[in-house]
$ cat data_24.cif   # mmCIF, C-alpha atoms
data_protein
loop_
_atom_site.label_atom_id
_atom_site.label_comp_id
_atom_site.auth_asym_id
_atom_site.auth_seq_id
_atom_site.Cartn_x
_atom_site.Cartn_y
_atom_site.Cartn_z
CA MET S 1 6.16 5.97 31.74
CA THR S 2 5.22 7.94 28.65
CA SER S 3 1.56 8.90 28.59
CA LEU S 4 -0.43 8.47 25.39
CA ARG S 5 -2.46 11.26 23.81
CA PRO S 6 -4.10 12.08 20.49
CA PRO S 7 -1.58 13.51 18.02
CA ARG S 8 -1.30 17.19 17.19
CA GLU S 9 0.16 18.95 14.17
CA GLU S 10 3.48 19.34 15.94
CA ASP S 11 3.66 15.54 16.32
CA LEU S 12 3.99 14.94 12.58
CA ALA S 13 7.79 14.93 12.72
CA LEU S 14 7.83 12.46 15.63
CA ALA S 15 5.42 10.08 13.89
CA ALA S 16 7.36 10.28 10.62
CA ARG S 17 10.63 9.55 12.41
CA LEU S 18 9.23 6.54 14.27
CA VAL S 19 7.53 5.07 11.19
CA GLY S 20 10.65 5.66 9.12
CA GLU S 21 13.03 3.85 11.48
CA HIS S 22 12.43 0.53 9.71
CA TRP S 23 10.47 1.55 6.59
CA PRO S 24 12.26 0.60 3.34
CA GLU S 25 11.84 4.11 1.93
CA PRO S 26 12.08 7.48 3.70
CA VAL S 27 8.87 8.58 5.42
CA ASP S 28 8.02 12.28 5.41
CA GLU S 29 5.43 14.34 7.28
CA ALA S 30 3.21 14.51 4.19
CA ARG S 31 2.70 10.74 4.36
CA ILE S 32 1.65 10.90 8.02
CA ARG S 33 -0.67 13.84 7.35
CA ARG S 34 -2.28 11.84 4.54
CA GLU S 35 -2.94 9.03 7.04
CA TRP S 36 -4.48 11.40 9.58
CA THR S 37 -6.77 12.99 6.99
CA SER S 38 -7.96 9.71 5.48
CA PRO S 39 -11.75 9.21 5.53
CA ARG S 40 -11.06 5.95 7.39
CA VAL S 41 -9.20 7.65 10.28
CA ASN S 42 -10.10 10.10 13.03
CA PRO S 43 -6.80 11.01 14.73
CA GLU S 44 -8.59 12.14 17.89
CA THR S 45 -9.91 8.62 18.51
CA ASP S 46 -7.80 6.36 16.28
CA ALA S 47 -4.20 7.51 16.88
CA ARG S 48 -1.96 7.98 19.88
CA VAL S 49 1.56 9.34 20.41
CA GLY S 50 4.01 9.38 23.30
CA ASP S 51 7.61 10.50 23.57
CA ASP S 52 8.83 7.32 21.89
CA VAL S 53 5.76 5.66 20.36
CA TYR S 54 3.17 6.18 17.63
CA ALA S 55 0.09 3.98 17.22
CA LEU S 56 -2.77 3.98 14.73
CA VAL S 57 -5.88 1.79 14.48
CA GLU S 58 -7.97 1.49 11.30
CA ASP S 59 -11.32 -0.20 10.80
CA ILE S 60 -10.76 -2.31 7.67
CA GLY S 61 -14.28 -3.75 7.53
CA GLU S 62 -15.98 -7.11 8.12
CA GLY S 63 -15.12 -7.18 11.81
CA ARG S 64 -11.41 -6.51 11.25
CA ALA S 65 -9.01 -3.78 12.35
CA TRP S 66 -5.42 -2.97 11.45
CA ILE S 67 -3.07 -1.89 14.26
CA GLU S 68 0.17 -0.05 13.60
CA ILE S 69 2.69 0.44 16.40
CA HIS S 70 6.01 2.19 15.85
CA GLY S 71 8.68 2.88 18.42
CA ALA S 72 8.45 1.41 21.93
CA PRO S 73 5.83 -1.42 21.98
CA ARG S 74 4.74 -1.12 25.61
CA GLU S 75 1.82 -3.13 26.95
CA THR S 76 -0.20 0.05 27.51
CA VAL S 77 0.06 0.85 23.79
CA PHE S 78 -1.27 -2.59 22.83
CA GLU S 79 -4.05 -2.31 25.40
CA TRP S 80 -5.19 1.03 24.01
CA ALA S 81 -4.99 -0.21 20.39
CA GLU S 82 -6.93 -3.41 21.07
CA GLU S 83 -9.58 -1.58 23.08
CA ARG S 84 -10.00 0.88 20.22
CA ALA S 85 -10.25 -1.99 17.72
CA ALA S 86 -12.92 -3.67 19.86
CA ALA S 87 -14.84 -0.39 20.03
CA MET S 88 -14.83 -0.38 16.22
CA GLY S 89 -16.51 -3.78 16.31
CA ALA S 90 -13.43 -5.78 15.37
CA ALA S 91 -13.26 -9.43 16.37
CA ARG S 92 -9.98 -9.95 14.50
CA VAL S 93 -7.00 -7.61 14.58
CA PHE S 94 -4.01 -7.56 12.27
CA SER S 95 -0.64 -5.92 12.76
CA GLY S 96 2.84 -6.31 11.40
CA ALA S 97 6.47 -5.30 11.22
CA TRP S 98 9.29 -5.12 8.72
CA LEU S 99 11.73 -7.99 9.05
CA THR S 100 14.36 -5.65 10.51
CA ASN S 101 12.04 -4.58 13.34
CA LYS S 102 12.56 -7.43 15.79
CA LEU S 103 11.28 -5.30 18.68
CA ILE S 104 7.76 -5.00 17.28
CA SER S 105 7.55 -8.54 15.88
CA GLY S 106 8.76 -9.94 19.22
CA ALA S 107 6.17 -7.90 21.11
CA LEU S 108 3.41 -9.09 18.79
CA GLU S 109 4.36 -12.73 19.28
CA ALA S 110 4.63 -12.30 23.05
CA ARG S 111 1.10 -10.87 23.09
CA GLY S 112 -0.35 -13.86 21.27
CA TYR S 113 -0.37 -12.62 17.69
CA ALA S 114 0.18 -15.44 15.22
CA PHE S 115 2.16 -15.09 12.01
CA ALA S 116 -0.31 -14.97 9.09
CA ARG S 117 1.34 -13.69 5.92
CA ARG S 118 4.38 -12.01 4.42
CA SER S 119 4.64 -9.26 1.86
CA ALA S 120 7.65 -7.69 0.21
CA ARG S 121 9.13 -4.61 -1.34
CA MET S 122 10.47 -5.40 -4.81
CA GLU S 123 12.73 -3.30 -6.99
CA LEU S 124 14.32 -3.30 -10.42
CA GLU S 125 17.27 -1.30 -11.71
CA LEU S 126 16.14 0.30 -14.97
CA ALA S 127 18.91 -0.34 -17.48
CA GLU S 128 19.37 1.65 -20.67
CA SER S 129 17.27 -0.93 -22.49
CA VAL S 130 14.01 -2.11 -20.92
CA GLU S 131 12.20 -5.17 -22.27
CA ARG S 132 9.50 -3.98 -24.65
CA PRO S 133 5.91 -4.96 -23.82
CA GLU S 134 4.05 -7.34 -26.08
CA TRP S 135 0.39 -6.41 -26.14
CA PRO S 136 -2.20 -9.16 -26.70
CA ALA S 137 -4.21 -8.95 -29.89
CA GLY S 138 -7.02 -6.42 -29.60
CA ILE S 139 -5.55 -4.64 -26.58
CA ASP S 140 -4.47 -1.00 -26.71
CA VAL S 141 -3.03 1.28 -24.03
CA ARG S 142 -3.35 4.98 -23.28
CA THR S 143 -2.63 7.37 -20.44
CA PHE S 144 -5.12 8.87 -18.01
CA GLU S 145 -7.57 11.44 -19.30
CA PRO S 146 -9.84 13.75 -17.25
CA GLY S 147 -13.02 11.84 -16.46
CA ASP S 148 -11.20 8.48 -16.10
CA GLU S 149 -11.13 8.64 -12.30
CA ARG S 150 -14.15 6.42 -11.70
CA LEU S 151 -13.01 3.87 -14.30
CA PHE S 152 -9.56 3.50 -12.73
CA TYR S 153 -11.22 3.16 -9.31
CA GLU S 154 -13.65 0.47 -10.47
CA ILE S 155 -10.95 -1.63 -12.16
CA HIS S 156 -8.69 -1.32 -9.11
CA GLU S 157 -11.43 -2.31 -6.67
CA GLU S 158 -12.73 -5.19 -8.80
CA ALA S 159 -9.29 -6.70 -9.32
CA PHE S 160 -8.18 -6.36 -5.71
CA ARG S 161 -11.19 -8.31 -4.40
CA ASP S 162 -9.05 -11.36 -5.15
CA MET S 163 -6.37 -10.34 -2.66
CA TRP S 164 -5.87 -12.09 0.66
CA GLU S 165 -8.11 -10.41 3.27
CA PRO S 166 -9.34 -7.78 0.77
CA MET S 167 -10.36 -4.33 1.96
CA GLU S 168 -13.11 -2.41 0.23
CA ALA S 169 -12.34 1.28 -0.30
CA SER S 170 -15.01 3.88 -0.91
CA TYR S 171 -14.53 6.19 -3.87
CA GLN S 172 -13.93 9.02 -1.40
CA GLU S 173 -11.12 7.10 0.27
CA TRP S 174 -9.62 6.04 -3.05
CA THR S 175 -9.51 9.62 -4.31
CA HIS S 176 -7.86 10.69 -1.05
CA TRP S 177 -4.96 8.28 -1.61
CA HIS S 178 -4.61 8.42 -5.39
CA LEU S 179 -5.70 11.83 -6.69
CA GLY S 180 -3.41 14.08 -4.68
CA PRO S 181 -0.97 16.30 -6.62
CA SER S 182 2.02 14.00 -6.05
CA ARG S 183 0.05 10.84 -6.87
CA LEU S 184 -1.99 11.78 -9.94
CA VAL S 185 0.70 11.94 -12.61
CA PRO S 186 -1.41 11.47 -15.79
CA GLU S 187 1.51 10.44 -17.99
CA LEU S 188 2.23 7.56 -15.57
CA TRP S 189 -1.35 6.29 -15.26
CA PHE S 190 -2.03 3.65 -17.90
CA LEU S 191 -5.27 2.06 -19.08
CA ALA S 192 -5.28 -1.16 -21.11
CA TYR S 193 -8.51 -1.41 -23.06
CA SER S 194 -10.30 -3.35 -25.76
CA GLY S 195 -12.76 -1.28 -27.75
CA SER S 196 -14.79 0.63 -25.19
CA GLU S 197 -13.97 -1.72 -22.29
CA GLY S 198 -11.27 -1.08 -19.71
CA CYS S 199 -9.29 -4.26 -19.01
CA GLY S 200 -6.54 -3.23 -16.61
CA VAL S 201 -4.66 -0.31 -15.10
CA ALA S 202 -1.21 0.64 -13.86
CA ILE S 203 -1.27 3.58 -11.46
CA CYS S 204 2.25 4.92 -11.05
CA HIS S 205 4.10 8.02 -9.87
CA PRO S 206 7.60 9.11 -8.91
CA HIS S 207 8.20 8.22 -5.27
CA GLU S 208 7.64 11.31 -3.13
CA ALA S 209 10.72 10.81 -0.97
CA VAL S 210 13.18 8.98 -3.27
CA ASP S 211 14.27 11.02 -6.27
CA ASP S 212 15.31 8.19 -8.61
CA LEU S 213 12.50 5.72 -7.81
CA GLY S 214 9.40 5.15 -9.93
CA TRP S 215 6.58 3.66 -7.88
CA VAL S 216 3.94 1.22 -9.17
CA ALA S 217 1.14 1.89 -6.69
CA VAL S 218 -1.46 -0.30 -8.42
CA LEU S 219 -1.30 -2.97 -11.11
CA ALA S 220 -4.75 -4.45 -11.66
CA VAL S 221 -6.42 -6.53 -14.37
CA ARG S 222 -10.07 -7.53 -14.36
CA ARG S 223 -10.76 -11.24 -13.88
CA GLU S 224 -12.07 -11.97 -17.37
CA TRP S 225 -8.98 -10.38 -18.95
CA ARG S 226 -6.34 -12.23 -16.93
CA ARG S 227 -3.87 -14.86 -18.21
CA ARG S 228 -3.41 -12.98 -21.50
CA GLY S 229 -0.26 -11.00 -20.71
CA ILE S 230 -1.95 -7.67 -20.02
CA ALA S 231 -0.43 -7.21 -16.54
CA ARG S 232 3.05 -7.97 -17.84
CA ALA S 233 2.63 -5.54 -20.73
CA LEU S 234 1.35 -2.79 -18.43
CA LEU S 235 4.27 -3.31 -16.06
CA LEU S 236 6.89 -3.18 -18.81
CA HIS S 237 5.15 -0.15 -20.32
CA ALA S 238 5.43 1.59 -16.94
CA PHE S 239 9.12 0.71 -16.66
CA GLU S 240 9.86 2.32 -20.01
CA ALA S 241 7.89 5.43 -18.98
CA PHE S 242 9.94 5.64 -15.77
CA ARG S 243 13.15 5.40 -17.76
CA GLN S 244 12.00 8.13 -20.13
CA LYS S 245 11.43 10.38 -17.11
CA GLY S 246 15.00 9.79 -15.95
CA LEU S 247 14.16 7.45 -13.07
CA ALA S 248 16.78 4.82 -12.29
CA ARG S 249 14.70 2.25 -10.39
CA ALA S 250 11.18 0.84 -10.23
CA GLY S 251 9.57 -0.36 -7.01
CA LEU S 252 6.33 -1.76 -5.63
CA GLY S 253 4.82 -3.73 -2.78
CA VAL S 254 3.39 -7.23 -3.18
CA ASP S 255 1.81 -10.08 -1.26
CA SER S 256 4.53 -12.73 -1.26
CA GLU S 257 1.88 -15.45 -1.56
CA SER S 258 -0.31 -13.59 -4.04
CA ILE S 259 -3.45 -15.48 -5.05
CA THR S 260 -3.22 -13.99 -8.56
CA GLY S 261 0.49 -14.78 -8.93
CA ALA S 262 1.61 -11.15 -8.92
CA ASN S 263 4.85 -11.95 -7.13
CA THR S 264 5.76 -14.52 -9.81
CA LEU S 265 5.06 -11.96 -12.54
CA TYR S 266 7.33 -9.39 -10.91
CA GLU S 267 10.14 -11.90 -10.55
CA SER S 268 9.77 -12.87 -14.20
CA VAL S 269 10.57 -9.31 -15.33
CA GLY S 270 13.65 -9.14 -13.12
CA MET S 271 12.31 -7.55 -9.92
CA ARG S 272 13.80 -8.77 -6.65
CA ALA S 273 12.67 -8.46 -3.03
CA THR S 274 14.60 -5.84 -1.07
CA GLN S 275 12.67 -5.98 2.22
CA GLU S 276 10.09 -8.26 3.82
CA PHE S 277 7.07 -7.40 5.96
CA HIS S 278 5.44 -9.91 8.32
CA ILE S 279 1.72 -9.76 9.10
CA TYR S 280 0.26 -11.12 12.34
CA GLU S 281 -3.30 -11.83 13.44
CA ARG S 282 -5.05 -12.13 16.77
CA ARG S 283 -8.67 -12.79 17.69
CA LEU S 284 -10.02 -10.54 20.40
CA ALA S 285 -11.84 -12.24 23.27
#
$ encode --input "data_24.cif" --output "structure tokens"
Amino acid sequence: MTSLRPPREEDLALAARLVGEHWPEPVDEARIRREWTSPRVNPETDARVGDDVYALVEDIGEGRAWIEIHGAPRETVFEWAEERAAAMGAARVFSGAWLTNKLISGALEARGYAFARRSARMELELAESVERPEWPAGIDVRTFEPGDERLFYEIHEEAFRDMWEPMEASYQEWTHWHLGPSRLVPELWFLAYSGSEGCGVAICHPHEAVDDLGWVAVLAVRREWRRRGIARALLLHAFEAFRQKGLARAGLGVDSESITGANTLYESVGMRATQEFHIYERRLA
């Protein structure tokens, strides 16, 4: 039986291959390295690899942990992951699998994990003509400017508190995921504002591993500015910017039962689900 050990630099390729087996987009070593260097993760204690398995456990706050298992879902892998989650103080653990990964989803169900939620990858082919955004009265839009980092972070965090099982990210963690050289593309970061007040943001970039894909990493509108068409306008504005950069498709991830109705918005502009992810939950004894 394959023994588990903390990952080393030379394990990046193995982890990327195992994660990428069912991931909708290609997974490269840079993505795995970004996971291992996250402020939320210590690879020495929070990750394990074997010849045919990669596992990662993250403390997501409020007595919860997220468990990722890729490759061979042996009982010893689950035991290690759940013990690590318990050591983090988690009473509830979440995990999941893409719809194509019957091996992992079957192992989760056999271990007593209950289906909790589904999310989806959605895409849109960017035709020659993209629907033009209609901005609500009094709302303007501009691209990112140096010094906007904290504003984009605050709008993102405030808006995403209304997600199912929200996770709070520190500014340090947010900068780790969004301000890297491949993620901070100022001409694809958009701020909707009214006077001196920021109302919403779209944080976008070309996908690192798919040449023709524009990625909407964050679309967020503050509560008091919702139901006015700002999110739709930001999304359509991003699509046109993708097209101008020569990108052929737009993609994003979404909660399929979004409390704020994000999935309905994306469908209304022509986006369609291309892959589904199932989330499972288990309470630790």
$ resolve_selection --input "data_24.cif" --expression "the PyMOL selection byres ((chain S and resi 28) around 10)" --output "ChimeraX atom specification"
/S:12-13,15-17,19-20,25-27,29-33,208-209
$ closest_residue --input "data_24.cif" --among "S:Trp215, S:Trp174, S:Trp98, S:Trp23" --to "S:Met122" --atoms "all atoms listed in the file"
S:Trp215
$ residues_around --input "data_24.cif" --residues "stretch 260-270 of chain S" --least-positions-apart "6" --cutoff "7 Å" --atoms "all atoms listed in the file" --output "count of residues only"
3
$ resolve_selection --input "data_24.cif" --expression "the PyMOL selection byres ((chain S and resi 76-80) around 9)" --output "PyMOL selection string"
chain S and resi 4+48+53-55+67+69+72-75+81-85+108+111
$ write_last_selection --input "data_24.cif" --atoms "C-alpha atoms" --output "PDB file, in the frame of the given file"
ATOM      1  CA  LEU S   4      -0.430   8.470  25.390  1.00  0.00           C
ATOM      2  CA  ARG S  48      -1.960   7.980  19.880  1.00  0.00           C
ATOM      3  CA  VAL S  53       5.760   5.660  20.360  1.00  0.00           C
ATOM      4  CA  TYR S  54       3.170   6.180  17.630  1.00  0.00           C
ATOM      5  CA  ALA S  55       0.090   3.980  17.220  1.00  0.00           C
ATOM      6  CA  ILE S  67      -3.070  -1.890  14.260  1.00  0.00           C
ATOM      7  CA  ILE S  69       2.690   0.440  16.400  1.00  0.00           C
ATOM      8  CA  ALA S  72       8.450   1.410  21.930  1.00  0.00           C
ATOM      9  CA  PRO S  73       5.830  -1.420  21.980  1.00  0.00           C
ATOM     10  CA  ARG S  74       4.740  -1.120  25.610  1.00  0.00           C
ATOM     11  CA  GLU S  75       1.820  -3.130  26.950  1.00  0.00           C
ATOM     12  CA  ALA S  81      -4.990  -0.210  20.390  1.00  0.00           C
ATOM     13  CA  GLU S  82      -6.930  -3.410  21.070  1.00  0.00           C
ATOM     14  CA  GLU S  83      -9.580  -1.580  23.080  1.00  0.00           C
ATOM     15  CA  ARG S  84     -10.000   0.880  20.220  1.00  0.00           C
ATOM     16  CA  ALA S  85     -10.250  -1.990  17.720  1.00  0.00           C
ATOM     17  CA  LEU S 108       3.410  -9.090  18.790  1.00  0.00           C
ATOM     18  CA  ARG S 111       1.100 -10.870  23.090  1.00  0.00           C
TER      19      ARG S 111
END
$ atom_distance --input "data_24.cif" --atom1 "atom CA of S:Asp51" --atom2 "atom CA of S:Ala90"
27.8 Å
$ residues_around --input "data_24.cif" --residues "S:Gly214" --least-positions-apart "2" --cutoff "12 Å" --atoms "only C-alpha atoms" --output "compact mmCIF listing (two decimals) with C-alpha atoms, keeping the file's coordinate frame"
# COMPACT_ATOMS: atom_id res chain seq x y z
CA MET S 122 10.47 -5.40 -4.81
CA GLU S 123 12.73 -3.30 -6.99
CA LEU S 124 14.32 -3.30 -10.42
CA GLU S 125 17.27 -1.30 -11.71
CA LEU S 126 16.14 0.30 -14.97
CA ARG S 183 0.05 10.84 -6.87
CA VAL S 185 0.70 11.94 -12.61
CA LEU S 188 2.23 7.56 -15.57
CA ILE S 203 -1.27 3.58 -11.46
CA CYS S 204 2.25 4.92 -11.05
CA HIS S 205 4.10 8.02 -9.87
CA PRO S 206 7.60 9.11 -8.91
CA HIS S 207 8.20 8.22 -5.27
CA GLU S 208 7.64 11.31 -3.13
CA ALA S 209 10.72 10.81 -0.97
CA VAL S 210 13.18 8.98 -3.27
CA ASP S 211 14.27 11.02 -6.27
CA ASP S 212 15.31 8.19 -8.61
CA VAL S 216 3.94 1.22 -9.17
CA ALA S 217 1.14 1.89 -6.69
CA LEU S 235 4.27 -3.31 -16.06
CA ALA S 238 5.43 1.59 -16.94
CA PHE S 239 9.12 0.71 -16.66
CA GLU S 240 9.86 2.32 -20.01
CA ALA S 241 7.89 5.43 -18.98
CA PHE S 242 9.94 5.64 -15.77
CA ARG S 243 13.15 5.40 -17.76
CA GLN S 244 12.00 8.13 -20.13
CA LYS S 245 11.43 10.38 -17.11
CA GLY S 246 15.00 9.79 -15.95
CA LEU S 247 14.16 7.45 -13.07
CA ALA S 248 16.78 4.82 -12.29
CA ARG S 249 14.70 2.25 -10.39
CA ALA S 250 11.18 0.84 -10.23
CA GLY S 251 9.57 -0.36 -7.01
CA LEU S 252 6.33 -1.76 -5.63
$ residues_around --input "data_24.cif" --residues "S:Arg283" --least-positions-apart "2" --cutoff "7 Å" --atoms "all atoms listed in the file" --output "list of chain:residue names"
S:Ala91, S:Arg92, S:Val93, S:Glu281, S:Ala285
$ closest_residue --input "data_24.cif" --among "S:Ile259, S:Val57, S:Val41, S:Leu236" --to "S:Met271" --atoms "all atoms listed in the file"
S:Leu236
$ resolve_selection --input "data_24.cif" --expression "the PyMOL selection byres ((chain S and resi 171) around 12)" --output "ChimeraX atom specification"
/S:38-40,149-157,168-170,172-179
$ closest_residue --input "data_24.cif" --among "S:Ala192, S:Leu284, S:Ala137, S:Ile279" --to "S:Ile104" --atoms "only C-alpha atoms"
S:Ile279
